[in-house]
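Asks: Sharing target22.tsv (TSV, C-alpha atoms) below.
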chain	number	residue	atom	x	y	z
A	1	MET	CA	39.34	-1.68	-119.58
A	2	LYS	CA	39.16	-4.89	-121.58
A	3	ALA	CA	41.09	-7.94	-120.36
A	4	VAL	CA	41.34	-11.67	-121.01
A	5	THR	CA	39.77	-13.46	-118.04
A	6	TRP	CA	39.48	-17.08	-116.94
A	7	HIS	CA	35.99	-18.52	-116.44
A	8	GLY	CA	36.58	-22.28	-116.31
A	9	VAL	CA	38.28	-25.16	-118.06
A	10	GLU	CA	38.90	-24.13	-121.69
A	11	ASP	CA	36.80	-21.00	-121.15
A	12	VAL	CA	38.54	-17.63	-121.45
A	13	ARG	CA	36.69	-14.43	-122.32
A	14	VAL	CA	37.37	-10.78	-122.98
A	15	ASP	CA	35.59	-8.83	-120.23
A	16	GLU	CA	35.34	-5.28	-118.97
A	17	VAL	CA	37.25	-5.07	-115.69
A	18	PRO	CA	38.26	-2.09	-113.49
A	19	ASP	CA	41.26	-0.06	-114.61
A	20	PRO	CA	44.34	-0.68	-112.45
A	21	LYS	CA	45.59	2.04	-110.10
A	22	ILE	CA	48.84	2.80	-108.30
A	23	GLU	CA	48.68	0.94	-104.97
A	24	GLN	CA	52.27	1.11	-103.74
A	25	PRO	CA	55.01	3.72	-104.27
A	26	THR	CA	56.97	1.09	-106.24
A	27	ASP	CA	54.11	0.53	-108.74
A	28	ALA	CA	53.74	1.69	-112.32
A	29	ILE	CA	50.80	1.63	-114.71
A	30	VAL	CA	51.61	0.53	-118.26
A	31	ARG	CA	49.35	0.80	-121.30
A	32	ILE	CA	49.81	-2.53	-123.06
A	33	THR	CA	50.61	-2.42	-126.78
A	34	SER	CA	51.41	-6.12	-127.30
A	35	THR	CA	50.91	-9.21	-125.16
A	36	ALA	CA	51.62	-12.81	-126.09
A	37	ILE	CA	50.01	-16.14	-125.23
A	38	CYS	CA	52.59	-18.43	-123.66
A	39	GLY	CA	52.64	-22.21	-123.87
A	40	SER	CA	52.36	-22.25	-120.08
A	41	ASP	CA	49.12	-20.24	-120.38
A	42	LEU	CA	47.68	-23.40	-121.92
A	43	HIS	CA	48.27	-25.18	-118.60
A	44	LEU	CA	45.93	-22.60	-117.03
A	45	TYR	CA	43.46	-23.14	-119.86
A	46	LYS	CA	43.03	-26.74	-118.72
A	47	VAL	CA	45.23	-28.51	-116.16
A	48	LEU	CA	45.92	-25.89	-113.48
A	49	SER	CA	42.34	-24.63	-113.22
A	50	PRO	CA	42.03	-25.57	-109.50
A	51	TYR	CA	44.37	-22.66	-108.74
A	52	LEU	CA	42.32	-20.01	-110.57
A	53	ASP	CA	39.23	-18.02	-109.67
A	54	GLU	CA	36.61	-16.93	-112.17
A	55	GLY	CA	37.54	-13.51	-113.53
A	56	ASP	CA	41.30	-13.83	-112.99
A	57	VAL	CA	43.16	-11.78	-115.64
A	58	LEU	CA	45.67	-13.88	-117.59
A	59	GLY	CA	48.93	-13.18	-119.36
A	60	HIS	CA	52.58	-12.72	-118.46
A	61	GLU	CA	54.32	-11.64	-121.69
A	62	PRO	CA	53.44	-7.93	-122.13
A	63	MET	CA	55.04	-4.70	-123.21
A	64	GLY	CA	53.77	-1.17	-123.59
A	65	ILE	CA	54.05	2.51	-122.68
A	66	VAL	CA	54.42	3.78	-119.12
A	67	GLU	CA	51.40	5.90	-118.14
A	68	GLU	CA	52.10	6.59	-114.46
A	69	VAL	CA	54.70	5.73	-111.82
A	70	GLY	CA	54.75	5.61	-108.03
A	71	ALA	CA	56.86	7.96	-105.91
A	72	GLU	CA	59.75	5.50	-105.53
A	73	VAL	CA	60.04	4.59	-109.22
A	74	LYS	CA	62.97	6.47	-110.76
A	75	GLN	CA	64.33	4.19	-113.51
A	76	ILE	CA	61.32	4.70	-115.81
A	77	ALA	CA	58.98	7.62	-116.48
A	78	PRO	CA	55.68	8.22	-118.28
A	79	GLY	CA	56.14	7.84	-122.01
A	80	ASP	CA	58.89	5.23	-121.77
A	81	ARG	CA	58.53	2.07	-123.86
A	82	VAL	CA	59.07	-0.99	-121.67
A	83	VAL	CA	59.00	-4.78	-121.71
A	84	LEU	CA	57.77	-6.45	-118.51
A	85	PRO	CA	59.46	-9.63	-117.23
A	86	PHE	CA	56.99	-12.34	-116.30
A	87	ASN	CA	58.45	-12.72	-112.81
A	88	ILE	CA	58.04	-9.85	-110.34
A	89	SER	CA	61.28	-9.16	-108.50
A	90	CYS	CA	62.69	-6.38	-106.34
A	91	GLY	CA	66.34	-6.35	-107.43
A	92	HIS	CA	67.79	-5.91	-103.93
A	93	CYS	CA	67.03	-9.02	-101.83
A	94	PHE	CA	69.48	-11.91	-101.29
A	95	MET	CA	68.04	-13.94	-104.17
A	96	CYS	CA	67.99	-11.03	-106.61
A	97	GLU	CA	71.56	-10.12	-105.73
A	98	HIS	CA	72.49	-13.70	-106.69
A	99	ASP	CA	70.66	-13.37	-110.06
A	100	LEU	CA	67.87	-15.69	-108.88
A	101	HIS	CA	65.08	-13.26	-109.65
A	102	SER	CA	62.51	-16.05	-109.95
A	103	GLN	CA	63.10	-16.69	-106.24
A	104	CYS	CA	62.82	-13.03	-105.12
A	105	GLU	CA	62.37	-12.93	-101.35
A	106	THR	CA	60.34	-9.71	-101.49
A	107	THR	CA	57.61	-11.19	-103.70
A	108	GLN	CA	57.90	-14.88	-102.76
A	109	VAL	CA	54.46	-16.46	-102.33
A	110	ARG	CA	55.33	-18.07	-99.00
A	111	GLU	CA	51.80	-19.21	-98.14
A	112	GLN	CA	51.95	-21.48	-101.18
A	113	GLY	CA	55.60	-22.46	-100.70
A	114	LYS	CA	56.50	-20.93	-104.07
A	115	GLY	CA	59.04	-18.51	-105.49
A	116	ALA	CA	58.59	-15.00	-106.85
A	117	ALA	CA	55.15	-13.78	-107.83
A	118	LEU	CA	54.28	-13.95	-111.52
A	119	PHE	CA	51.90	-11.90	-113.62
A	120	GLY	CA	48.63	-13.66	-114.41
A	121	TYR	CA	49.58	-17.06	-113.06
A	122	THR	CA	47.28	-18.53	-110.41
A	123	LYS	CA	47.07	-18.40	-106.62
A	124	LEU	CA	50.30	-20.40	-106.48
A	125	TYR	CA	52.20	-17.37	-107.75
A	126	GLY	CA	50.37	-14.52	-106.07
A	127	GLN	CA	47.22	-14.17	-108.20
A	128	VAL	CA	48.58	-10.92	-109.65
A	129	PRO	CA	46.39	-9.64	-112.53
A	130	GLY	CA	48.08	-10.38	-115.85
A	131	GLY	CA	49.06	-8.51	-118.95
A	132	GLN	CA	46.53	-9.72	-121.53
A	133	ALA	CA	44.71	-6.47	-120.97
A	134	GLU	CA	44.65	-2.84	-122.04
A	135	PHE	CA	46.46	-1.68	-118.89
A	136	LEU	CA	48.61	-3.37	-116.24
A	137	ARG	CA	49.67	-2.47	-112.72
A	138	VAL	CA	53.35	-3.36	-112.42
A	139	PRO	CA	54.60	-4.02	-108.87
A	140	GLN	CA	58.33	-3.54	-108.14
A	141	ALA	CA	58.56	-1.16	-111.10
A	142	GLN	CA	61.66	0.41	-109.57
A	143	PHE	CA	63.51	-2.65	-110.91
A	144	GLY	CA	61.53	-4.90	-113.24
A	145	PRO	CA	60.60	-3.03	-116.44
A	146	ILE	CA	63.11	-3.18	-119.29
A	147	LYS	CA	63.40	0.07	-121.29
A	148	VAL	CA	63.62	-0.45	-125.04
A	149	PRO	CA	64.10	2.10	-127.85
A	150	GLU	CA	61.38	3.63	-129.98
A	151	GLY	CA	61.12	2.74	-133.64
A	152	PRO	CA	61.26	-1.02	-134.29
A	153	PRO	CA	58.02	-3.01	-134.05
A	154	ASP	CA	56.97	-4.48	-130.71
A	155	GLU	CA	57.79	-7.97	-131.94
A	156	ARG	CA	61.51	-7.08	-131.93
A	157	PHE	CA	61.42	-6.65	-128.12
A	158	LEU	CA	58.29	-8.37	-126.77
A	159	PHE	CA	59.91	-11.76	-126.27
A	160	LEU	CA	62.36	-10.33	-123.71
A	161	SER	CA	59.43	-10.77	-121.30
A	162	ASP	CA	59.71	-14.57	-121.27
A	163	VAL	CA	60.59	-16.50	-124.44
A	164	LEU	CA	64.10	-15.16	-124.97
A	165	PRO	CA	65.38	-15.32	-121.37
A	166	THR	CA	63.69	-18.67	-120.79
A	167	ALA	CA	65.26	-20.19	-123.90
A	168	TRP	CA	68.62	-18.52	-123.16
A	169	GLN	CA	68.63	-19.95	-119.63
A	170	ALA	CA	67.67	-23.37	-121.00
A	171	VAL	CA	70.67	-23.39	-123.33
A	172	ARG	CA	73.03	-22.04	-120.67
A	173	TYR	CA	71.83	-24.65	-118.19
A	174	ALA	CA	72.25	-27.37	-120.84
A	175	ASP	CA	76.00	-26.64	-120.78
A	176	VAL	CA	76.65	-28.15	-124.21
A	177	PRO	CA	80.37	-29.02	-124.53
A	178	GLU	CA	82.43	-27.86	-127.48
A	179	ASP	CA	81.59	-30.03	-130.51
A	180	GLY	CA	78.70	-31.49	-128.49
A	181	THR	CA	75.20	-32.55	-129.50
A	182	LEU	CA	72.07	-30.90	-128.08
A	183	VAL	CA	68.60	-32.48	-128.32
A	184	VAL	CA	65.54	-30.25	-127.88
A	185	TYR	CA	62.28	-32.03	-127.09
A	186	GLY	CA	59.31	-29.82	-128.01
A	187	LEU	CA	59.44	-27.19	-130.76
A	188	GLY	CA	56.83	-24.79	-129.51
A	189	PRO	CA	57.88	-21.16	-128.86
A	190	ILE	CA	60.53	-22.00	-126.25
A	191	GLY	CA	61.89	-24.98	-128.16
A	192	GLN	CA	62.12	-22.96	-131.38
A	193	MET	CA	64.04	-20.21	-129.64
A	194	THR	CA	66.39	-22.66	-127.90
A	195	VAL	CA	67.31	-24.00	-131.34
A	196	ARG	CA	68.10	-20.48	-132.59
A	197	ILE	CA	70.03	-19.51	-129.47
A	198	ALA	CA	72.04	-22.74	-129.43
A	199	LYS	CA	73.08	-22.22	-133.05
A	200	HIS	CA	73.87	-18.56	-132.34
A	201	LEU	CA	76.08	-19.60	-129.41
A	202	GLY	CA	77.98	-22.03	-131.61
A	203	VAL	CA	76.43	-25.42	-130.86
A	204	GLU	CA	77.25	-27.35	-134.02
A	205	ARG	CA	74.67	-30.10	-133.79
A	206	VAL	CA	71.10	-29.47	-132.60
A	207	ILE	CA	68.39	-32.12	-132.97
A	208	GLY	CA	64.77	-31.00	-132.56
A	209	VAL	CA	61.96	-33.44	-131.77
A	210	ASP	CA	58.25	-32.72	-132.23
A	211	LEU	CA	55.15	-34.13	-133.88
A	212	VAL	CA	53.80	-31.01	-135.62
A	213	PRO	CA	55.05	-30.66	-139.22
A	214	GLU	CA	55.12	-26.84	-139.23
A	215	ARG	CA	57.23	-26.79	-136.08
A	216	LEU	CA	59.68	-29.31	-137.48
A	217	GLN	CA	60.02	-27.30	-140.70
A	218	LEU	CA	60.63	-24.04	-138.83
A	219	ALA	CA	63.34	-25.55	-136.61
A	220	GLN	CA	64.98	-27.04	-139.70
A	221	ARG	CA	65.11	-23.58	-141.29
A	222	TYR	CA	67.21	-22.41	-138.34
A	223	GLY	CA	69.74	-25.21	-138.60
A	224	ALA	CA	68.32	-28.08	-136.57
A	225	GLU	CA	68.18	-31.70	-137.62
A	226	VAL	CA	64.63	-32.84	-136.87
A	227	ILE	CA	62.88	-36.01	-135.78
A	228	ASP	CA	59.13	-36.45	-136.22
A	229	TRP	CA	57.79	-38.14	-133.08
A	230	ASN	CA	54.83	-39.77	-134.79
A	231	ASP	CA	53.03	-42.93	-133.67
A	232	GLU	CA	55.55	-45.19	-135.39
A	233	ALA	CA	58.70	-43.30	-134.44
A	234	ASP	CA	61.13	-44.01	-131.62
A	235	PRO	CA	63.11	-40.77	-131.21
A	236	VAL	CA	65.28	-42.20	-128.44
A	237	ALA	CA	66.43	-45.04	-130.66
A	238	GLU	CA	67.06	-42.64	-133.56
A	239	ILE	CA	69.12	-40.30	-131.39
A	240	LEU	CA	71.15	-43.15	-129.90
A	241	GLU	CA	71.81	-44.49	-133.38
A	242	THR	CA	73.06	-41.10	-134.63
A	243	THR	CA	75.31	-40.58	-131.56
A	244	SER	CA	77.22	-43.88	-131.77
A	245	GLY	CA	74.94	-45.41	-129.13
A	246	ARG	CA	76.22	-43.00	-126.49
A	247	GLY	CA	73.41	-40.43	-126.46
A	248	ALA	CA	73.35	-36.64	-126.65
A	249	ASP	CA	75.68	-34.54	-124.50
A	250	SER	CA	72.80	-32.30	-123.46
A	251	VAL	CA	69.01	-32.48	-123.66
A	252	ILE	CA	66.41	-29.74	-123.18
A	253	ASP	CA	62.85	-30.67	-122.16
A	254	ALA	CA	60.78	-27.77	-123.48
A	255	VAL	CA	57.44	-29.58	-123.15
A	256	GLY	CA	56.56	-30.15	-119.50
A	257	MET	CA	53.46	-31.51	-117.83
A	258	GLU	CA	51.20	-31.98	-120.86
A	259	ALA	CA	53.37	-34.22	-123.02
A	260	HIS	CA	51.65	-36.58	-125.45
A	261	GLY	CA	51.74	-40.30	-124.82
A	262	ALA	CA	50.33	-40.65	-121.28
A	263	PRO	CA	46.57	-41.27	-121.70
A	264	VAL	CA	45.91	-42.41	-118.11
A	265	VAL	CA	47.54	-39.36	-116.54
A	266	GLU	CA	45.92	-37.13	-119.15
A	267	ALA	CA	42.50	-38.46	-118.12
A	268	MET	CA	43.33	-37.88	-114.45
A	269	GLN	CA	44.43	-34.31	-115.16
A	270	ALA	CA	41.16	-33.68	-116.97
A	271	VAL	CA	39.13	-34.95	-114.00
A	272	VAL	CA	41.11	-32.90	-111.47
A	273	GLY	CA	40.72	-29.79	-113.63
A	274	LYS	CA	36.93	-30.04	-113.48
A	275	LEU	CA	36.65	-30.54	-109.71
A	276	PRO	CA	35.81	-27.65	-107.36
A	277	SER	CA	38.93	-25.53	-106.84
A	278	ARG	CA	39.59	-26.52	-103.23
A	279	VAL	CA	39.20	-30.24	-103.92
A	280	GLY	CA	41.13	-30.13	-107.20
A	281	ALA	CA	44.02	-28.18	-105.68
A	282	LYS	CA	44.28	-30.63	-102.78
A	283	LEU	CA	44.37	-33.60	-105.15
A	284	MET	CA	46.99	-31.92	-107.33
A	285	GLU	CA	49.16	-31.27	-104.27
A	286	THR	CA	48.88	-34.79	-102.82
A	287	VAL	CA	48.35	-37.24	-105.67
A	288	GLY	CA	48.68	-35.02	-108.77
A	289	SER	CA	50.94	-36.35	-111.48
A	290	ASP	CA	52.35	-35.01	-114.73
A	291	ARG	CA	52.60	-36.54	-118.17
A	292	THR	CA	56.32	-37.24	-118.06
A	293	THR	CA	56.78	-38.96	-121.42
A	294	VAL	CA	59.28	-36.35	-122.59
A	295	LEU	CA	61.18	-36.25	-119.31
A	296	HIS	CA	61.67	-40.03	-119.44
A	297	ALA	CA	62.74	-39.74	-123.08
A	298	ALA	CA	65.26	-37.06	-122.09
A	299	ILE	CA	66.71	-39.34	-119.41
A	300	ASP	CA	66.97	-42.19	-121.92
A	301	THR	CA	68.47	-39.90	-124.58
A	302	VAL	CA	71.20	-38.09	-122.65
A	303	ARG	CA	74.60	-39.71	-122.46
A	304	ARG	CA	76.14	-40.83	-119.18
A	305	GLY	CA	77.53	-37.79	-117.39
A	306	GLY	CA	75.46	-35.50	-119.61
A	307	THR	CA	73.11	-32.67	-118.70
A	308	ILE	CA	69.33	-32.30	-118.84
A	309	SER	CA	67.99	-28.76	-118.84
A	310	LEU	CA	64.34	-28.85	-117.84
A	311	ILE	CA	62.51	-25.68	-118.85
A	312	GLY	CA	59.01	-27.06	-119.53
A	313	VAL	CA	56.59	-26.41	-116.64
A	314	TYR	CA	55.75	-29.30	-114.32
A	315	GLY	CA	53.13	-29.11	-111.58
A	316	GLY	CA	52.37	-32.55	-110.16
A	317	ALA	CA	53.54	-33.17	-106.60
A	318	ALA	CA	53.43	-36.97	-106.91
A	319	THR	CA	55.11	-37.37	-110.31
A	320	PRO	CA	57.37	-40.45	-110.15
A	321	MET	CA	61.01	-40.00	-111.15
A	322	PRO	CA	63.34	-42.76	-112.37
A	323	MET	CA	65.91	-42.09	-109.69
A	324	MET	CA	67.92	-45.24	-110.45
A	325	ALA	CA	68.53	-44.12	-114.04
A	326	LEU	CA	69.35	-40.54	-113.00
A	327	PHE	CA	71.85	-41.75	-110.41
A	328	ASP	CA	73.36	-44.58	-112.43
A	329	LYS	CA	73.91	-42.40	-115.51
A	330	GLN	CA	75.39	-39.59	-113.38
A	331	ILE	CA	73.07	-37.10	-115.03
A	332	GLN	CA	73.33	-33.40	-114.24
A	333	LEU	CA	69.81	-31.95	-113.94
A	334	ARG	CA	69.11	-28.19	-113.97
A	335	MET	CA	65.71	-26.58	-113.99
A	336	GLY	CA	63.55	-23.67	-112.88
A	337	GLN	CA	61.68	-20.55	-113.90
A	338	ALA	CA	63.83	-18.18	-115.92
A	339	ASN	CA	65.59	-15.43	-114.00
A	340	VAL	CA	64.68	-12.87	-116.63
A	341	LYS	CA	66.72	-9.87	-115.54
A	342	ALA	CA	69.87	-12.00	-115.16
A	343	TRP	CA	70.05	-12.51	-118.93
A	344	ILE	CA	68.93	-9.13	-120.29
A	345	ASP	CA	72.42	-7.64	-120.66
A	346	GLU	CA	73.34	-10.53	-122.97
A	347	LEU	CA	70.05	-10.49	-124.88
A	348	LEU	CA	69.39	-6.79	-125.38
A	349	PRO	CA	72.17	-6.27	-127.97
A	350	LEU	CA	70.71	-9.13	-130.03
A	351	VAL	CA	67.32	-7.44	-130.39
A	352	THR	CA	68.37	-3.79	-130.70
A	353	GLY	CA	70.72	-4.16	-133.68
A	354	ASP	CA	69.72	-4.45	-137.32
A	355	ALA	CA	70.81	-8.06	-137.78
A	356	ASP	CA	68.04	-9.73	-135.71
A	357	PRO	CA	70.08	-12.97	-135.40
A	358	LEU	CA	67.35	-14.77	-133.43
A	359	GLY	CA	64.56	-13.93	-135.86
A	360	THR	CA	62.37	-12.14	-133.33
A	361	VAL	CA	60.62	-9.84	-135.82
A	362	ASP	CA	58.85	-12.68	-137.61
A	363	PHE	CA	58.76	-15.12	-134.69
A	364	ALA	CA	55.03	-14.58	-134.08
A	365	THR	CA	52.92	-16.62	-136.48
A	366	HIS	CA	49.72	-14.73	-135.57
A	367	LEU	CA	49.10	-11.07	-134.65
A	368	LEU	CA	45.49	-10.76	-133.48
A	369	PRO	CA	43.33	-8.18	-131.71
A	370	LEU	CA	42.72	-8.77	-128.00
A	371	ALA	CA	39.05	-9.39	-128.75
A	372	GLU	CA	39.99	-12.63	-130.53
A	373	ALA	CA	41.78	-14.10	-127.49
A	374	PRO	CA	39.23	-16.92	-126.89
A	375	ASP	CA	39.65	-18.21	-130.44
A	376	ALA	CA	43.42	-17.72	-130.19
A	377	TYR	CA	43.67	-19.87	-127.07
A	378	GLU	CA	41.70	-22.66	-128.73
A	379	MET	CA	43.77	-22.46	-131.91
A	380	PHE	CA	47.04	-22.53	-129.95
A	381	GLN	CA	45.95	-25.46	-127.79
A	382	LYS	CA	44.80	-27.50	-130.78
A	383	LYS	CA	47.89	-26.54	-132.84
A	384	GLN	CA	45.71	-25.29	-135.68
A	385	ASP	CA	46.56	-22.96	-138.57
A	386	GLY	CA	50.30	-23.34	-138.00
A	387	ALA	CA	50.06	-21.48	-134.68
A	388	ILE	CA	53.46	-21.43	-132.99
A	389	LYS	CA	53.41	-18.01	-131.30
A	390	ILE	CA	50.38	-15.75	-130.93
A	391	VAL	CA	50.59	-12.04	-130.06
A	392	LEU	CA	47.50	-10.09	-129.04
A	393	LYS	CA	47.14	-6.38	-129.72
A	394	PRO	CA	44.90	-4.51	-127.20
Translate the structure of the given file into structure tokens.

Replies:
Amino acid sequence: MKAVTWHGVEDVRVDEVPDPKIEQPTDAIVRITSTAICGSDLHLYKVLSPYLDEGDVLGHEPMGIVEEVGAEVKQIAPGDRVVLPFNISCGHCFMCEHDLHSQCETTQVREQGKGAALFGYTKLYGQVPGGQAEFLRVPQAQFGPIKVPEGPPDERFLFLSDVLPTAWQAVRYADVPEDGTLVVYGLGPIGQMTVRIAKHLGVERVIGVDLVPERLQLAQRYGAEVIDWNDEADPVAEILETTSGRGADSVIDAVGMEAHGAPVVEAMQAVVGKLPSRVGAKLMETVGSDRTTVLHAAIDTVRRGGTISLIGVYGGAATPMPMMALFDKQIQLRMGQANVKAWIDELLPLVTGDADPLGTVDFATHLLPLAEAPDAYEMFQKKQDGAIKIVLKP
């Protein structure tokens, strides 16, 4: 089969790789019909390369048609149309029973000290082959796959794999009070969907911050006030000014480790990414740091006693945190990988009806064949051609 594989820093290719097979009685094989590139895939494209091996299959936002199931898989059958959550969880362990599917004790990658295994996301999360491919082996298929109806286009349901539950969790964790103000830093795919979800859930005032004009315009279409974080702008000062000097009730950081505005750390990340895997991984674990410009802005922006919901991916073990400010301002801080299955009951009605209140059908800015994945990654990373969300079609 054809699959998108990693070959080095900023080097992904479409290769022929062996077809997946049933390995455990809880496995399924799914023929992929749509698979998206996630913003966190761009971290693999560059910064997290020490945790990848050449030939690793990428991708964790797929959906498709069930081809085969193992003996213990009863909830789906060949021919079913399914969306696949990015985290692999069993549904019956202590963590899953507490709706913490991203911490599943059955698939936890204990040798790396990490939570549940993820599709297509490095040795840190199990090195499970990903879904940017023609076929995918799905572990824990007795629980994970989400059945969706036939008829509507894939784009109506695809984002249940990651974008929708991640953004939903971000807004829930932000805990915006009635009549409160929410600031969203970063208007990529997750930031855009947090804006839509917040407005859908009744948040009256949402302020989106980004530096890409197309992203600002799109968020504005869905009801956000926007701030252009250009070289001359001071978004923190603008937000404080528009909130009577108090700050926003809640702030979402939807950017993470590769924020703009930290040239020294950016240079260090680039060096670490080009080192041999063993050396680079060790440096990342001991002295690795993230570009925390947005996180610091969130801390400065949120009001005293407010909440920061951190949904952007961070990876540096030695990233400094302004603990004095966090403590003094009595900030509530919530974060973590989305627990996809915990939110599906709330999300599924929003994508199966005719209304499409979150605008999922036209959320993807680019629908491209799998063969164009290398160009798609470059376009997405460089924010070219208005690329906000790219979906690949095997």

Asks: Name the closest residue to Val171 (chain A) among the candidates A:Gly191, A:Pro320, A:Gly144, A:Gly64; distances are taken between atoms, counting all atoms listed in the file.

Replies: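 Checking each of A:Gly191, A:Pro320, A:Gly144, A:Gly64 against Val171 (chain A), counting all atoms listed in the file, the winner is A:Gly191.
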
Asks: Would you list the contacts of Glu155 (chain A) as a PyMOL selection string, taking every protein, DNA or RNA residue within 8 Å and counting all atoms listed in the file, but skipping same-chain residues closer than 5 positions in sequence?

Replies: chain A and resi 360-364

Asks: Between A:Leu100, A:Val73, A:Ala219, A:Leu48, single out the one closest to Ile388 (chain A), counting only C-alpha atoms.

Replies: A:Ala219

Asks: Would you list the contacts of region 26-34 of chain A as a short mmCIF file (atom, residue, chain, number, x, y, z; two decimals) with C-alpha atoms, in the frame of the given file, taking every protein, DNA or RNA residue within 7 Å and counting only C-alpha atoms, but skipping same-chain residues closer than 4 positions in sequence?

Replies:
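Everything below was put into part-v8.cif:
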data_model
loop_
_atom_site.label_atom_id
_atom_site.label_comp_id
_atom_site.auth_asym_id
_atom_site.auth_seq_id
_atom_site.Cartn_x
_atom_site.Cartn_y
_atom_site.Cartn_z
CA LYS A 21 45.59 2.04 -110.10
CA ILE A 22 48.84 2.80 -108.30
CA PRO A 62 53.44 -7.93 -122.13
CA MET A 63 55.04 -4.70 -123.21
CA GLY A 64 53.77 -1.17 -123.59
CA ILE A 65 54.05 2.51 -122.68
CA VAL A 66 54.42 3.78 -119.12
CA GLU A 67 51.40 5.90 -118.14
CA GLU A 68 52.10 6.59 -114.46
CA VAL A 69 54.70 5.73 -111.82
CA GLY A 70 54.75 5.61 -108.03
CA ALA A 71 56.86 7.96 -105.91
CA GLU A 72 59.75 5.50 -105.53
CA VAL A 73 60.04 4.59 -109.22
CA ALA A 133 44.71 -6.47 -120.97
CA GLU A 134 44.65 -2.84 -122.04
CA PHE A 135 46.46 -1.68 -118.89
CA LEU A 136 48.61 -3.37 -116.24
CA ARG A 137 49.67 -2.47 -112.72
CA VAL A 138 53.35 -3.36 -112.42
CA PRO A 139 54.60 -4.02 -108.87
CA GLN A 140 58.33 -3.54 -108.14
CA ALA A 141 58.56 -1.16 -111.10
CA GLN A 142 61.66 0.41 -109.57
CA ASP A 154 56.97 -4.48 -130.71
CA VAL A 391 50.59 -12.04 -130.06
CA LEU A 392 47.50 -10.09 -129.04
CA LYS A 393 47.14 -6.38 -129.72
CA PRO A 394 44.90 -4.51 -127.20
#

Asks: Measuring atom to atom with all atoms listed in the file, identify which of A:Met95, A:Leu358, A:Ala373, A:Ala237 is nearest to Ile37 (chain A).

Replies: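 Once distances to Ile37 (chain A) are computed over all atoms listed in the file, the minimum belongs to A:Ala373.
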
Asks: Compile the contact shell of His7 (chain A) as a list in words: residues with an atom at most 9 Å away, counting all atoms listed in the file, same-chain residues fewer than 6 positions apart removed.

Replies: Arg13, Leu52, Asp53, Glu54, Gly55 and Asp56 of chain A

Asks: Store the residues of this selection in a file with C-alpha atoms, as a compact mmCIF listing (two decimals), in the frame of the given file.

Replies:
# COMPACT_ATOMS: atom_id res chain seq x y z
CA ARG A 13 36.69 -14.43 -122.32
CA LEU A 52 42.32 -20.01 -110.57
CA ASP A 53 39.23 -18.02 -109.67
CA GLU A 54 36.61 -16.93 -112.17
CA GLY A 55 37.54 -13.51 -113.53
CA ASP A 56 41.30 -13.83 -112.99

Asks: Using all atoms listed in the file, find each residue of region 314-380 of chain A with at least one atom at most 10 Å away from an atom of region 250-255 of chain A; report its shortest atom-to-atom pair and that distance in Å (one decimal), sort the rows by chain and rising residue number, and return the result as CSV.

Replies:
residue,atom,partner,partner_atom,distance
A:Tyr314,CA,A:Val255,CA,9.0
A:Ile331,CA,A:Ser250,CA,9.7
A:Gln332,CA,A:Ser250,CA,9.3
A:Leu333,CA,A:Val251,CA,9.8
A:Arg334,CA,A:Ile252,CA,9.7
A:Met335,CA,A:Asp253,CA,9.6

Asks: Identify, on the basis of all atoms listed in the file, every residue whose closest approach to region 80-94 of chain A does not exceed 7 Å; exclude the query and any residue fewer than 4 positions from it along the same chain; express the result as a PyMOL selection string.

Replies: chain A and resi 60-66+76+98+101-102+104-107+116-119+139-140+143-150+158+160-162+340

Asks: Please produce an output containing C-alpha atoms for each residue in the selection, written as a compact mmCIF listing (two decimals), keeping the file's coordinate frame.

Replies:
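The new file selection_30.txt reads:
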# COMPACT_ATOMS: atom_id res chain seq x y z
CA HIS A 60 52.58 -12.72 -118.46
CA GLU A 61 54.32 -11.64 -121.69
CA PRO A 62 53.44 -7.93 -122.13
CA MET A 63 55.04 -4.70 -123.21
CA GLY A 64 53.77 -1.17 -123.59
CA ILE A 65 54.05 2.51 -122.68
CA VAL A 66 54.42 3.78 -119.12
CA ILE A 76 61.32 4.70 -115.81
CA HIS A 98 72.49 -13.70 -106.69
CA HIS A 101 65.08 -13.26 -109.65
CA SER A 102 62.51 -16.05 -109.95
CA CYS A 104 62.82 -13.03 -105.12
CA GLU A 105 62.37 -12.93 -101.35
CA THR A 106 60.34 -9.71 -101.49
CA THR A 107 57.61 -11.19 -103.70
CA ALA A 116 58.59 -15.00 -106.85
CA ALA A 117 55.15 -13.78 -107.83
CA LEU A 118 54.28 -13.95 -111.52
CA PHE A 119 51.90 -11.90 -113.62
CA PRO A 139 54.60 -4.02 -108.87
CA GLN A 140 58.33 -3.54 -108.14
CA PHE A 143 63.51 -2.65 -110.91
CA GLY A 144 61.53 -4.90 -113.24
CA PRO A 145 60.60 -3.03 -116.44
CA ILE A 146 63.11 -3.18 -119.29
CA LYS A 147 63.40 0.07 -121.29
CA VAL A 148 63.62 -0.45 -125.04
CA PRO A 149 64.10 2.10 -127.85
CA GLU A 150 61.38 3.63 -129.98
CA LEU A 158 58.29 -8.37 -126.77
CA LEU A 160 62.36 -10.33 -123.71
CA SER A 161 59.43 -10.77 -121.30
CA ASP A 162 59.71 -14.57 -121.27
CA VAL A 340 64.68 -12.87 -116.63

Asks: For Pro357 (chain A), please output as an MDAnalysis selection string all residues within 9 Å (counting all atoms listed in the file; exclusion window: fewer than 5 positions along the same chain).

Replies: chainID A and resid 196:197 200 350:351

Asks: Which of these residues is nearest to Leu44 (chain A), using all atoms listed in the file: A:Gln381, A:Thr301, A:Gln330, A:Thr292?

Replies: A:Gln381

Asks: Restricting the calculation to all atoms listed in the file, which member of A:Ala198, A:Leu187, A:Val302, A:Leu347 is positioned closest to Gln217 (chain A)?

Replies: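 For Gln217 (chain A), the nearest of the candidates is A:Leu187.
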